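A.B. asks: Following this message is one structure expressed as C-alpha cells.
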Amino acid sequence: MNAAWFRNRWMVALVVCLTAAGCEKREAHEEEHEEGHKVGTHGGPLVELSDEAARTAGIAVDSVGPRAIGVVVDLPGEIKLDAERSVEVRPSYPGRILRLHAGLGAFVRQGQTLAAVYSNESLSEYTIEAPMAGTVVARPVNPGAAVDPASVIYTLANLSSVWLDFPIYVRYLGSIHQGQTVRVQSQESPGTFATGTISYIGPMLDVDTRATFGRVVLPNADRRWQPGRLVTASVVLERFTAPMAVPEEAIVREGSGAAVFRATPQGFELQSVTPGRSDGVMTEILSGLEPGARVATRNAFLLKAELEKEAGGHDD
C-alpha cells in the first residue's frame with residue numbers, strides 16, 4: 001500500500017463524515033421546522049384553532065363549489081363636474097373688476113352678490129349675482145382685472161353629484177351598454193370605491209383614440225369624489241360558472257404563489273392552489289382543492305399572520 005492509497009481512503013472517510021454531519025443538521029432543522037409549524041393531513045403548515053376561537057376572530061368557513069364569476073375589464077376614468085349642475089359666471093358688459101365677494105371653496109346662495117364691476121360703457125358700477133346655489137370651484141380673476149362677456153369670473157358647482165367619464169374602446173362596444181353596473185375605485189386611495197350605472201354612451205368615436213366614452217353619475221353628498229380624481233372603472237362584460245371558486249378574500253399570496261387555509265378537525269391547514277379567472281369578488285380555482293373542501297373565506301389573513309408569527313419565533 002502506498003501513500004496515495006492512504007490519502008484517497010482518508011478523503012473518502014472525510015466526505016462520509018461531512019455528509020453524515022450534514023444529514024444530522026438537516027434532520028435537526030426539519031425537527032425544529034416541524035416544531036414551529038405543525039403539519040396537517042395534506043402536508044401543509046397547520047394553525048391549530050378551535051371553532052370557538054375561529055368564530056371570535058371572525059373567520060368564516062365555506063365549501064368550495066361552482067360559483068358565478070364575471071369577466072371584468074378595468075378602464076381608466078376621471079371624475080368631472082356634473083355639467084348639468086355647474087355654471088360659469090361671466091360679466092354682462094366690458095369693464096374692470098372692483099370687488100369679489102366669494103373665495104374658492106365658499107358656498108353661495110342663488111342671488112347672492114358675487115362681484116362688482118365698473119362698466120366701460122355706462123361708466124358706472126354694476127353687480128353680478130350667483131345664478132344658482134353652489135360651491136365656488138374656480139375664481140380665475142382678481143380685483144382690478146379687465147373683463148368682458150367672454151371672461152369667466154367664477155365657476156359654481158353643485159357637488160352633491162359628479163360625473164365619471166371613462167373610455168370605451170372599439171372592441172368593447174358590443175359588450176358595454178347603457179344601464180350596466182360599474183364599480184368605481186380611486187387610483188390614489190384603493191379603499192375608496194362606489195358603484196353606479198352607465199347613464200350615457202357617446203355616439204361617436206374619437207379620431208385619434210378610436211374610442212367613445214361612457215358616463216356614470218355618482219352621488220357625492222360626502223364630497224369624497226373630487227373633480228379631477230383619477231379612478232378605475234370596472235365593467236362586467238359577461239358571466240360564467242366556474243366549477244370551483246372561492247371568495248377572493250380567501251386567497252393569501254406568498255412567495256411561492258397563492259394558497260388558501262383548508263378547515264380540518266385539527267385547525268386550518270395552508271394549501272397551495274392555482275387560481276384562474278377572477279372578478280375581484282370570486283376567483284376560480286384550477287387545482288389544489290377538490291369540490292366540497294371547506295376553506296376560510298373571511299379573515300384568512302389572520303391565519304397567515306399566525307403562521308408568520310410562529311415562524312419568526314423559531315430561528316433556523
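By convention in this document, the chains of the C-alpha cells carry letters A, B, ... by their order, each chain's residues are numbered from 1, and ligands are numbered from 1 in the order they are shown.
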Could you write out, as a list in words, all the residues of stretch 22-122 of chain A that DSSP marks as helix (DSSP H, G or I)?

C.D. replies: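 Everything in stretch 22-122 of chain A that counts as helix (DSSP H, G or I) is Gly22, Cys23, Glu24, Lys25, Arg26, Glu27, Ala28, His29, Glu30, Glu31, Glu32, His33, Glu34, Glu35, Gly36, Asp51, Glu52, Ala53, Ala54, Arg55, Thr56, Ala83, Glu84 and Arg85 of chain A.
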
A.B. asks: Can you tell me, as a PyMOL selection string, what residues are no more than 7 Å from A:Asp148 when counting only C-alpha atoms, ignoring any on the same chain fewer than 5 positions away?

C.D. replies: chain A and resi 91+93-95

A.B. asks: From stretch 60-210 of chain A, collect each residue whose DSSP state is strand (DSSP E) and return the set as a PyMOL selection string.

C.D. replies: chain A and resi 60-63+65-81+86-89+95-100+107-108+113-119+125-129+134-138+146-147+154-157+161-169+181-186+193-201

A.B. asks: Ranking A:Leu75, A:Arg224, A:Thr181, A:Ala157 by minimum distance to A:Ala211 and counting only C-alpha atoms, which one comes first?

C.D. replies: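 Smallest distance to A:Ala211 is found for A:Leu75.
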
A.B. asks: Atom CA of A:Arg55 to atom CA of A:Ala263: how many Å, to one decimal?

C.D. replies: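 Between these atoms lies a distance of 12.8 Å.
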
A.B. asks: For atom CA of A:Ala221 and atom CA of A:Pro76, determine how far apart the two atoms are, in Å to one decimal place.

C.D. replies: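 Result for atom CA of A:Ala221 versus atom CA of A:Pro76: 23.2 Å, one decimal.
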
A.B. asks: For A:Gly70, find every residue with an atom within 10 Å (counting only C-alpha atoms), except residues of its own chain fewer than 3 positions away, and show them as JSON, numbers by chain.

C.D. replies: {"A": [67, 73, 235, 236, 237, 238, 239, 240, 241, 242, 277, 278, 279, 280, 281, 282, 283]}

A.B. asks: What does the structure give for the distance between atom CA of A:Val162 and atom CA of A:Ala83, in Å to one decimal?

C.D. replies: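 Value for the atom CA of A:Val162-atom CA of A:Ala83 distance: 8.5 Å.
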
A.B. asks: When you count only C-alpha atoms, which of these residues is closest to A:Gln187: A:Gly292, A:Gly276, A:Pro243, A:Gly228?

C.D. replies: A:Gly228

A.B. asks: With a distance cut-off of 12 Å and only C-alpha atoms, select the neighbouring residues of A:Gly58, excluding the residue or stretch itself and same-chain residues fewer than 6 positions from it, and output the selection as a PDB file with N, CA, C and O atoms, in the first residue's frame.

C.D. replies:
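So result_12.pdb came out as:
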```pdb
ATOM      1  N   ASP A  51     -63.030  25.894  17.065  1.00  0.00           N
ATOM      2  CA  ASP A  51     -64.162  26.530  16.379  1.00  0.00           C
ATOM      3  C   ASP A  51     -64.565  27.815  17.080  1.00  0.00           C
ATOM      4  O   ASP A  51     -64.885  28.815  16.431  1.00  0.00           O
ATOM      5  N   GLU A  52     -64.534  27.808  18.410  1.00  0.00           N
ATOM      6  CA  GLU A  52     -64.924  28.998  19.163  1.00  0.00           C
ATOM      7  C   GLU A  52     -63.943  30.142  18.925  1.00  0.00           C
ATOM      8  O   GLU A  52     -64.343  31.291  18.727  1.00  0.00           O
ATOM      9  N   ALA A 296     -61.269  28.733   4.787  1.00  0.00           N
ATOM     10  CA  ALA A 296     -61.543  30.009   5.433  1.00  0.00           C
ATOM     11  C   ALA A 296     -61.822  31.057   4.362  1.00  0.00           C
ATOM     12  O   ALA A 296     -60.985  31.288   3.492  1.00  0.00           O
ATOM     13  N   THR A 297     -63.001  31.671   4.419  1.00  0.00           N
ATOM     14  CA  THR A 297     -63.401  32.612   3.379  1.00  0.00           C
ATOM     15  C   THR A 297     -63.402  34.056   3.854  1.00  0.00           C
ATOM     16  O   THR A 297     -63.608  34.962   3.048  1.00  0.00           O
ATOM     17  N   ARG A 298     -63.180  34.284   5.125  1.00  0.00           N
ATOM     18  CA  ARG A 298     -63.099  35.657   5.640  1.00  0.00           C
ATOM     19  C   ARG A 298     -62.034  35.721   6.733  1.00  0.00           C
ATOM     20  O   ARG A 298     -61.937  34.840   7.575  1.00  0.00           O
ATOM     21  N   ASN A 299     -61.230  36.777   6.707  1.00  0.00           N
ATOM     22  CA  ASN A 299     -60.138  36.998   7.666  1.00  0.00           C
ATOM     23  C   ASN A 299     -59.064  35.921   7.601  1.00  0.00           C
ATOM     24  O   ASN A 299     -58.414  35.606   8.604  1.00  0.00           O
ATOM     25  N   ALA A 300     -58.853  35.375   6.384  1.00  0.00           N
ATOM     26  CA  ALA A 300     -57.781  34.388   6.226  1.00  0.00           C
ATOM     27  C   ALA A 300     -56.413  35.000   6.503  1.00  0.00           C
ATOM     28  O   ALA A 300     -55.473  34.287   6.881  1.00  0.00           O
ATOM     29  N   PHE A 301     -56.301  36.315   6.360  1.00  0.00           N
ATOM     30  CA  PHE A 301     -55.010  36.970   6.606  1.00  0.00           C
ATOM     31  C   PHE A 301     -54.586  36.829   8.061  1.00  0.00           C
ATOM     32  O   PHE A 301     -53.398  36.866   8.379  1.00  0.00           O
ATOM     33  N   LEU A 302     -55.564  36.634   8.978  1.00  0.00           N
ATOM     34  CA  LEU A 302     -55.219  36.431  10.385  1.00  0.00           C
ATOM     35  C   LEU A 302     -54.498  35.103  10.579  1.00  0.00           C
ATOM     36  O   LEU A 302     -53.569  34.997  11.387  1.00  0.00           O
ATOM     37  N   LEU A 303     -54.918  34.093   9.831  1.00  0.00           N
ATOM     38  CA  LEU A 303     -54.263  32.788   9.912  1.00  0.00           C
ATOM     39  C   LEU A 303     -52.848  32.874   9.338  1.00  0.00           C
ATOM     40  O   LEU A 303     -51.907  32.277   9.879  1.00  0.00           O
TER      41      LEU A 303
END
```

A.B. asks: Looking at only C-alpha atoms, which of A:Pro265, A:Pro45, A:Pro291, A:Gly257 is the one that sits closest to A:Ala245?

C.D. replies: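 Of the candidates, the smallest distance to A:Ala245 is held by A:Pro291.
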